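Peer 1: The file below is data25.cif, mmCIF, N, CA and C atoms:
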```cif
data_upload
loop_
_atom_site.label_atom_id
_atom_site.label_comp_id
_atom_site.auth_asym_id
_atom_site.auth_seq_id
_atom_site.Cartn_x
_atom_site.Cartn_y
_atom_site.Cartn_z
N MET E 1 0.85 -1.18 0.00
CA MET E 1 0.00 0.00 0.00
C MET E 1 0.90 1.25 0.00
N HIS E 2 0.65 2.15 -0.93
CA HIS E 2 1.43 3.38 -1.02
C HIS E 2 1.08 4.31 0.13
N LYS E 3 2.12 4.94 0.70
CA LYS E 3 1.93 5.85 1.83
C LYS E 3 2.07 7.30 1.36
N ILE E 4 1.03 8.09 1.64
CA ILE E 4 1.00 9.49 1.24
C ILE E 4 0.91 10.36 2.48
N LEU E 5 1.74 11.41 2.49
CA LEU E 5 1.67 12.42 3.53
C LEU E 5 0.93 13.62 2.95
N LEU E 6 -0.18 13.99 3.59
CA LEU E 6 -1.02 15.09 3.11
C LEU E 6 -0.93 16.27 4.07
N ALA E 7 -0.65 17.46 3.53
CA ALA E 7 -0.65 18.69 4.32
C ALA E 7 -1.63 19.66 3.67
N GLU E 8 -2.71 19.96 4.38
CA GLU E 8 -3.77 20.85 3.89
C GLU E 8 -4.42 21.52 5.08
N ASP E 9 -4.43 22.86 5.10
CA ASP E 9 -4.95 23.57 6.27
C ASP E 9 -6.47 23.72 6.27
N ASP E 10 -7.12 23.55 5.14
CA ASP E 10 -8.57 23.64 5.08
C ASP E 10 -9.17 22.30 5.51
N ASN E 11 -9.89 22.30 6.63
CA ASN E 11 -10.41 21.04 7.20
C ASN E 11 -11.30 20.27 6.24
N ASP E 12 -12.23 20.96 5.57
CA ASP E 12 -13.14 20.27 4.65
C ASP E 12 -12.38 19.68 3.47
N MET E 13 -11.45 20.44 2.91
CA MET E 13 -10.66 19.96 1.78
C MET E 13 -9.82 18.76 2.21
N ARG E 14 -9.22 18.84 3.40
CA ARG E 14 -8.39 17.74 3.90
C ARG E 14 -9.22 16.47 4.05
N ARG E 15 -10.41 16.57 4.64
CA ARG E 15 -11.28 15.38 4.79
C ARG E 15 -11.65 14.80 3.43
N PHE E 16 -11.97 15.66 2.50
CA PHE E 16 -12.34 15.28 1.14
C PHE E 16 -11.19 14.51 0.48
N LEU E 17 -9.97 15.05 0.60
CA LEU E 17 -8.81 14.42 -0.02
C LEU E 17 -8.47 13.09 0.65
N VAL E 18 -8.52 13.05 1.97
CA VAL E 18 -8.23 11.81 2.70
C VAL E 18 -9.21 10.72 2.27
N LYS E 19 -10.49 11.05 2.24
CA LYS E 19 -11.51 10.05 1.87
C LYS E 19 -11.28 9.53 0.45
N ALA E 20 -11.01 10.43 -0.47
CA ALA E 20 -10.78 10.03 -1.87
C ALA E 20 -9.56 9.13 -2.00
N LEU E 21 -8.48 9.50 -1.34
CA LEU E 21 -7.25 8.72 -1.44
C LEU E 21 -7.37 7.37 -0.73
N GLU E 22 -7.99 7.35 0.44
CA GLU E 22 -8.18 6.07 1.13
C GLU E 22 -9.12 5.15 0.35
N ASN E 23 -10.16 5.71 -0.25
CA ASN E 23 -11.07 4.90 -1.08
C ASN E 23 -10.35 4.31 -2.29
N ALA E 24 -9.29 4.99 -2.75
CA ALA E 24 -8.51 4.50 -3.89
C ALA E 24 -7.41 3.52 -3.45
N GLY E 25 -7.34 3.25 -2.14
CA GLY E 25 -6.41 2.24 -1.65
C GLY E 25 -5.10 2.74 -1.09
N PHE E 26 -4.99 4.05 -0.88
CA PHE E 26 -3.76 4.61 -0.34
C PHE E 26 -3.83 4.73 1.18
N SER E 27 -2.67 4.67 1.82
CA SER E 27 -2.56 4.94 3.24
C SER E 27 -2.19 6.42 3.37
N VAL E 28 -2.99 7.19 4.14
CA VAL E 28 -2.80 8.64 4.20
C VAL E 28 -2.60 9.10 5.64
N SER E 29 -1.51 9.84 5.85
CA SER E 29 -1.28 10.53 7.11
C SER E 29 -1.54 12.00 6.82
N HIS E 30 -2.47 12.62 7.55
CA HIS E 30 -2.86 13.99 7.19
C HIS E 30 -2.60 14.97 8.32
N HIS E 31 -2.23 16.20 7.91
CA HIS E 31 -1.84 17.25 8.85
C HIS E 31 -2.41 18.58 8.38
N ASP E 32 -2.67 19.48 9.34
CA ASP E 32 -3.30 20.75 9.00
C ASP E 32 -2.30 21.90 8.83
N ASN E 33 -1.00 21.60 8.91
CA ASN E 33 -0.01 22.64 8.64
C ASN E 33 1.31 21.98 8.22
N GLY E 34 2.15 22.77 7.61
CA GLY E 34 3.41 22.25 7.08
C GLY E 34 4.36 21.76 8.15
N MET E 35 4.39 22.43 9.29
CA MET E 35 5.34 22.05 10.34
C MET E 35 5.02 20.67 10.91
N SER E 36 3.76 20.40 11.20
CA SER E 36 3.42 19.08 11.74
C SER E 36 3.64 17.99 10.69
N ALA E 37 3.38 18.30 9.42
CA ALA E 37 3.64 17.33 8.35
C ALA E 37 5.14 17.04 8.26
N TYR E 38 5.96 18.08 8.38
CA TYR E 38 7.41 17.90 8.33
C TYR E 38 7.89 17.04 9.49
N GLN E 39 7.35 17.27 10.68
CA GLN E 39 7.73 16.46 11.83
C GLN E 39 7.42 14.99 11.58
N ARG E 40 6.26 14.71 11.00
CA ARG E 40 5.88 13.33 10.70
C ARG E 40 6.82 12.72 9.66
N LEU E 41 7.18 13.52 8.68
CA LEU E 41 8.07 13.06 7.62
C LEU E 41 9.44 12.69 8.18
N ARG E 42 9.85 13.35 9.23
CA ARG E 42 11.13 13.04 9.87
C ARG E 42 11.05 11.73 10.65
N GLU E 43 9.84 11.30 11.02
CA GLU E 43 9.65 10.08 11.80
C GLU E 43 9.56 8.82 10.96
N GLU E 44 9.01 8.95 9.75
CA GLU E 44 8.85 7.77 8.90
C GLU E 44 8.83 8.18 7.43
N PRO E 45 9.21 7.26 6.55
CA PRO E 45 9.25 7.58 5.12
C PRO E 45 7.86 7.50 4.48
N PHE E 46 7.67 8.32 3.46
CA PHE E 46 6.45 8.32 2.65
C PHE E 46 6.87 8.31 1.19
N GLU E 47 6.01 7.75 0.36
CA GLU E 47 6.32 7.72 -1.07
C GLU E 47 5.93 9.02 -1.76
N MET E 48 4.95 9.72 -1.19
CA MET E 48 4.48 10.95 -1.81
C MET E 48 4.10 11.98 -0.76
N LEU E 49 4.41 13.24 -1.09
CA LEU E 49 3.94 14.39 -0.32
C LEU E 49 2.91 15.10 -1.17
N LEU E 50 1.71 15.24 -0.64
CA LEU E 50 0.63 15.95 -1.31
C LEU E 50 0.33 17.16 -0.43
N THR E 51 0.59 18.36 -0.92
CA THR E 51 0.51 19.53 -0.05
C THR E 51 -0.12 20.74 -0.71
N ASP E 52 -0.84 21.49 0.10
CA ASP E 52 -1.29 22.82 -0.28
C ASP E 52 -0.05 23.69 -0.30
N ILE E 53 -0.11 24.84 -0.94
CA ILE E 53 1.03 25.75 -0.93
C ILE E 53 0.91 26.78 0.18
N VAL E 54 -0.25 27.40 0.30
CA VAL E 54 -0.44 28.46 1.29
C VAL E 54 -1.01 27.84 2.57
N MET E 55 -0.14 27.78 3.61
CA MET E 55 -0.52 27.21 4.90
C MET E 55 0.20 27.97 6.01
N PRO E 56 -0.34 27.89 7.22
CA PRO E 56 0.34 28.52 8.36
C PRO E 56 1.57 27.71 8.80
N GLU E 57 2.43 28.36 9.51
CA GLU E 57 3.62 27.78 10.14
C GLU E 57 4.73 27.42 9.16
N MET E 58 4.42 26.72 8.10
CA MET E 58 5.39 26.42 7.05
C MET E 58 4.60 26.21 5.77
N ASP E 59 4.94 26.96 4.72
CA ASP E 59 4.18 26.80 3.47
C ASP E 59 4.58 25.52 2.75
N GLY E 60 3.79 25.17 1.75
CA GLY E 60 4.00 23.92 1.04
C GLY E 60 5.30 23.86 0.27
N ILE E 61 5.76 25.00 -0.24
CA ILE E 61 7.01 25.00 -1.00
C ILE E 61 8.19 24.70 -0.08
N GLU E 62 8.20 25.31 1.10
CA GLU E 62 9.26 25.02 2.07
C GLU E 62 9.17 23.57 2.54
N LEU E 63 7.96 23.09 2.78
CA LEU E 63 7.77 21.70 3.18
C LEU E 63 8.32 20.76 2.11
N ALA E 64 8.00 21.05 0.84
CA ALA E 64 8.48 20.21 -0.26
C ALA E 64 10.00 20.25 -0.36
N ARG E 65 10.58 21.41 -0.18
CA ARG E 65 12.04 21.54 -0.24
C ARG E 65 12.69 20.69 0.85
N ARG E 66 12.15 20.79 2.06
CA ARG E 66 12.70 20.01 3.18
C ARG E 66 12.46 18.52 2.98
N ALA E 67 11.30 18.16 2.45
CA ALA E 67 10.99 16.74 2.19
C ALA E 67 11.99 16.16 1.20
N SER E 68 12.32 16.93 0.17
CA SER E 68 13.28 16.47 -0.84
C SER E 68 14.68 16.32 -0.26
N GLU E 69 15.01 17.16 0.72
CA GLU E 69 16.31 17.03 1.38
C GLU E 69 16.36 15.73 2.20
N LEU E 70 15.24 15.42 2.88
CA LEU E 70 15.18 14.18 3.66
C LEU E 70 15.17 12.94 2.78
N ASP E 71 14.44 13.01 1.68
CA ASP E 71 14.28 11.87 0.78
C ASP E 71 14.21 12.37 -0.66
N PRO E 72 15.34 12.35 -1.37
CA PRO E 72 15.35 12.85 -2.76
C PRO E 72 14.40 12.11 -3.70
N ASP E 73 13.95 10.91 -3.32
CA ASP E 73 13.07 10.12 -4.19
C ASP E 73 11.58 10.36 -3.94
N ILE E 74 11.24 11.16 -2.93
CA ILE E 74 9.83 11.38 -2.63
C ILE E 74 9.15 12.12 -3.78
N LYS E 75 7.96 11.67 -4.13
CA LYS E 75 7.16 12.33 -5.17
C LYS E 75 6.42 13.49 -4.50
N ILE E 76 6.34 14.62 -5.21
CA ILE E 76 5.71 15.80 -4.63
C ILE E 76 4.64 16.33 -5.56
N MET E 77 3.45 16.56 -4.97
CA MET E 77 2.35 17.15 -5.71
C MET E 77 1.75 18.27 -4.87
N PHE E 78 1.58 19.42 -5.51
CA PHE E 78 0.93 20.56 -4.86
C PHE E 78 -0.53 20.63 -5.30
N ILE E 79 -1.40 20.95 -4.36
CA ILE E 79 -2.80 21.23 -4.67
C ILE E 79 -3.05 22.64 -4.18
N THR E 80 -3.39 23.54 -5.08
CA THR E 80 -3.50 24.93 -4.69
C THR E 80 -4.52 25.71 -5.50
N GLY E 81 -5.04 26.74 -4.90
CA GLY E 81 -5.91 27.67 -5.61
C GLY E 81 -5.12 28.74 -6.32
N PHE E 82 -3.79 28.70 -6.16
CA PHE E 82 -2.92 29.72 -6.74
C PHE E 82 -1.96 29.12 -7.76
N ALA E 83 -2.46 28.20 -8.58
CA ALA E 83 -1.59 27.44 -9.48
C ALA E 83 -0.81 28.32 -10.45
N ALA E 84 -1.40 29.40 -10.90
CA ALA E 84 -0.73 30.24 -11.90
C ALA E 84 0.57 30.83 -11.38
N VAL E 85 0.61 31.12 -10.10
CA VAL E 85 1.82 31.72 -9.54
C VAL E 85 2.56 30.76 -8.63
N ALA E 86 2.11 29.53 -8.56
CA ALA E 86 2.62 28.59 -7.58
C ALA E 86 4.10 28.29 -7.74
N LEU E 87 4.51 27.92 -8.90
CA LEU E 87 5.88 27.44 -9.09
C LEU E 87 6.57 28.21 -10.20
N ASN E 88 6.84 29.47 -9.95
CA ASN E 88 7.58 30.24 -10.94
C ASN E 88 9.03 29.77 -10.94
N SER E 89 9.81 30.25 -11.88
CA SER E 89 11.18 29.75 -12.02
C SER E 89 12.07 30.11 -10.84
N ASP E 90 11.70 31.11 -10.06
CA ASP E 90 12.48 31.50 -8.88
C ASP E 90 12.15 30.65 -7.66
N SER E 91 11.11 29.86 -7.77
CA SER E 91 10.64 29.07 -6.64
C SER E 91 11.70 28.07 -6.20
N GLU E 92 11.71 27.81 -4.87
CA GLU E 92 12.62 26.80 -4.34
C GLU E 92 11.97 25.42 -4.33
N ALA E 93 10.81 25.30 -4.94
CA ALA E 93 10.12 24.01 -4.99
C ALA E 93 10.91 23.04 -5.86
N PRO E 94 10.85 21.76 -5.54
CA PRO E 94 11.51 20.76 -6.39
C PRO E 94 11.01 20.84 -7.82
N LYS E 95 11.91 20.73 -8.76
CA LYS E 95 11.58 20.96 -10.17
C LYS E 95 10.65 19.90 -10.77
N ASN E 96 10.63 18.71 -10.19
CA ASN E 96 9.78 17.64 -10.74
C ASN E 96 8.41 17.56 -10.06
N ALA E 97 8.07 18.59 -9.29
CA ALA E 97 6.78 18.59 -8.59
C ALA E 97 5.64 18.81 -9.59
N LYS E 98 4.51 18.25 -9.27
CA LYS E 98 3.29 18.39 -10.08
C LYS E 98 2.36 19.36 -9.35
N VAL E 99 1.61 20.15 -10.11
CA VAL E 99 0.66 21.09 -9.51
C VAL E 99 -0.74 20.79 -10.04
N LEU E 100 -1.69 20.61 -9.11
CA LEU E 100 -3.10 20.49 -9.46
C LEU E 100 -3.82 21.71 -8.89
N ALA E 101 -4.69 22.30 -9.72
CA ALA E 101 -5.42 23.49 -9.28
C ALA E 101 -6.72 23.09 -8.58
N LYS E 102 -7.03 23.83 -7.50
CA LYS E 102 -8.33 23.66 -6.85
C LYS E 102 -9.35 24.42 -7.68
N PRO E 103 -10.57 23.95 -7.78
CA PRO E 103 -11.07 22.72 -7.16
C PRO E 103 -10.54 21.48 -7.88
N VAL E 104 -10.25 20.47 -7.11
CA VAL E 104 -9.69 19.22 -7.63
C VAL E 104 -10.80 18.21 -7.84
N HIS E 105 -10.81 17.58 -8.99
CA HIS E 105 -11.77 16.50 -9.24
C HIS E 105 -11.15 15.20 -8.75
N LEU E 106 -11.93 14.40 -8.05
CA LEU E 106 -11.40 13.18 -7.44
C LEU E 106 -10.73 12.24 -8.43
N ARG E 107 -11.36 12.03 -9.57
CA ARG E 107 -10.77 11.13 -10.56
C ARG E 107 -9.42 11.64 -11.04
N GLU E 108 -9.34 12.96 -11.26
CA GLU E 108 -8.08 13.55 -11.71
C GLU E 108 -7.01 13.40 -10.63
N LEU E 109 -7.37 13.65 -9.38
CA LEU E 109 -6.44 13.52 -8.28
C LEU E 109 -5.88 12.11 -8.20
N VAL E 110 -6.75 11.13 -8.15
CA VAL E 110 -6.33 9.73 -8.03
C VAL E 110 -5.50 9.31 -9.25
N SER E 111 -5.92 9.75 -10.42
CA SER E 111 -5.17 9.44 -11.65
C SER E 111 -3.76 10.01 -11.61
N GLU E 112 -3.64 11.26 -11.21
CA GLU E 112 -2.32 11.91 -11.16
C GLU E 112 -1.43 11.29 -10.08
N VAL E 113 -2.01 10.96 -8.94
CA VAL E 113 -1.25 10.30 -7.88
C VAL E 113 -0.74 8.95 -8.38
N ASN E 114 -1.61 8.18 -9.02
CA ASN E 114 -1.18 6.88 -9.56
C ASN E 114 -0.07 7.03 -10.59
N LYS E 115 -0.18 8.03 -11.47
CA LYS E 115 0.85 8.25 -12.49
C LYS E 115 2.19 8.58 -11.84
N MET E 116 2.16 9.47 -10.86
CA MET E 116 3.42 9.87 -10.21
C MET E 116 4.05 8.69 -9.46
N LEU E 117 3.25 7.91 -8.79
CA LEU E 117 3.79 6.80 -8.02
C LEU E 117 4.32 5.69 -8.94
N ALA E 118 3.76 5.58 -10.14
CA ALA E 118 4.20 4.55 -11.08
C ALA E 118 5.47 4.97 -11.81
N ALA E 119 5.76 6.25 -11.84
CA ALA E 119 6.92 6.76 -12.60
C ALA E 119 8.23 6.37 -11.94
#
```
Now that the file is in, can you turn its structure into structure tokens?

Peer 2:
Amino acid sequence: MHKILLAEDDNDMRRFLVKALENAGFSVSHHDNGMSAYQRLREEPFEMLLTDIVMPEMDGIELARRASELDPDIKIMFITGFAAVALNSDSEAPKNAKVLAKPVHLRELVSEVNKMLAA
């Protein structure tokens, strides 16, 4: 079973994403801010980080950067309402990260997660 670390500060969106991913057969550890997600990532390995960009305490780009330092093989996907400005060329986000714009359709989310994990 693939293990996904989810960081999303919006409670309703987080519940929605957790339910969709668990229904698709993934194991999901979910957190409401980047700092708590990072702490969890330091405790155990995950195959994918699925994160919002704009969050309190630590934003998703910083979380992704630190996650890549801990595990260069971790797959990273951002889910954000700010996709157009999310990953400009000056961004410190990992270059192979994928961005999905909110609102996210469940089928698209699961499909993209499966593609990234299979790569």

Peer 1: Got a sec to resolve the PyMOL selection byres ((chain E and resi 69-82) around 8) on this structure and send the residues as a PyMOL selection string?

Peer 2: chain E and resi 41-42+45-54+60+63-68+83-87+94+96-104+116-117

Peer 1: With all atoms listed in the file as the atoms that count, which of E:His105, E:Val110, E:Lys3, E:Pro56 lies nearest to E:Ala24?

Peer 2: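 Of E:His105, E:Val110, E:Lys3, E:Pro56, the one nearest E:Ala24, counting all atoms listed in the file, is E:Val110.
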
Peer 1: For atom CA of E:Glu57 and atom N of E:Lys19, determine how far apart the two atoms are, in Å to one decimal place.

Peer 2: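 Distance between the two atoms: 23.3 Å.
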
Peer 1: How far is it from atom CA of E:Glu44 to atom N of E:Arg107, in Å with one decimal?

Peer 2: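 Going from atom CA of E:Glu44 over to atom N of E:Arg107 covers 27.7 Å.
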
Peer 1: Pick from E:Glu43, E:Gly34, E:Asn11, E:Leu21: nearest to E:Glu62, with only N, CA and C atoms counted?

Peer 2: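 Once distances to E:Glu62 are computed over only N, CA and C atoms, the minimum belongs to E:Gly34.
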
Peer 1: List, as number ranges by chain, every residue that the PyMOL selection byres ((chain E and resi 28) around 6.5) selects in the file provided.

Peer 2: E: 2-6, 18, 22, 26-27, 29-30

Peer 1: To one decimal in Å, tell me the separation between atom N of E:Ala37 and atom CA of E:Ile61.

Peer 2: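 Taking atom N of E:Ala37 and atom CA of E:Ile61, their separation equals 12.9 Å.
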
Peer 1: Using DSSP assignments from the backbone, pull out every residue in stretch 7-71 of chain E that falls under strand (DSSP E) and give it to me as a count of residues only.

Peer 2: 10
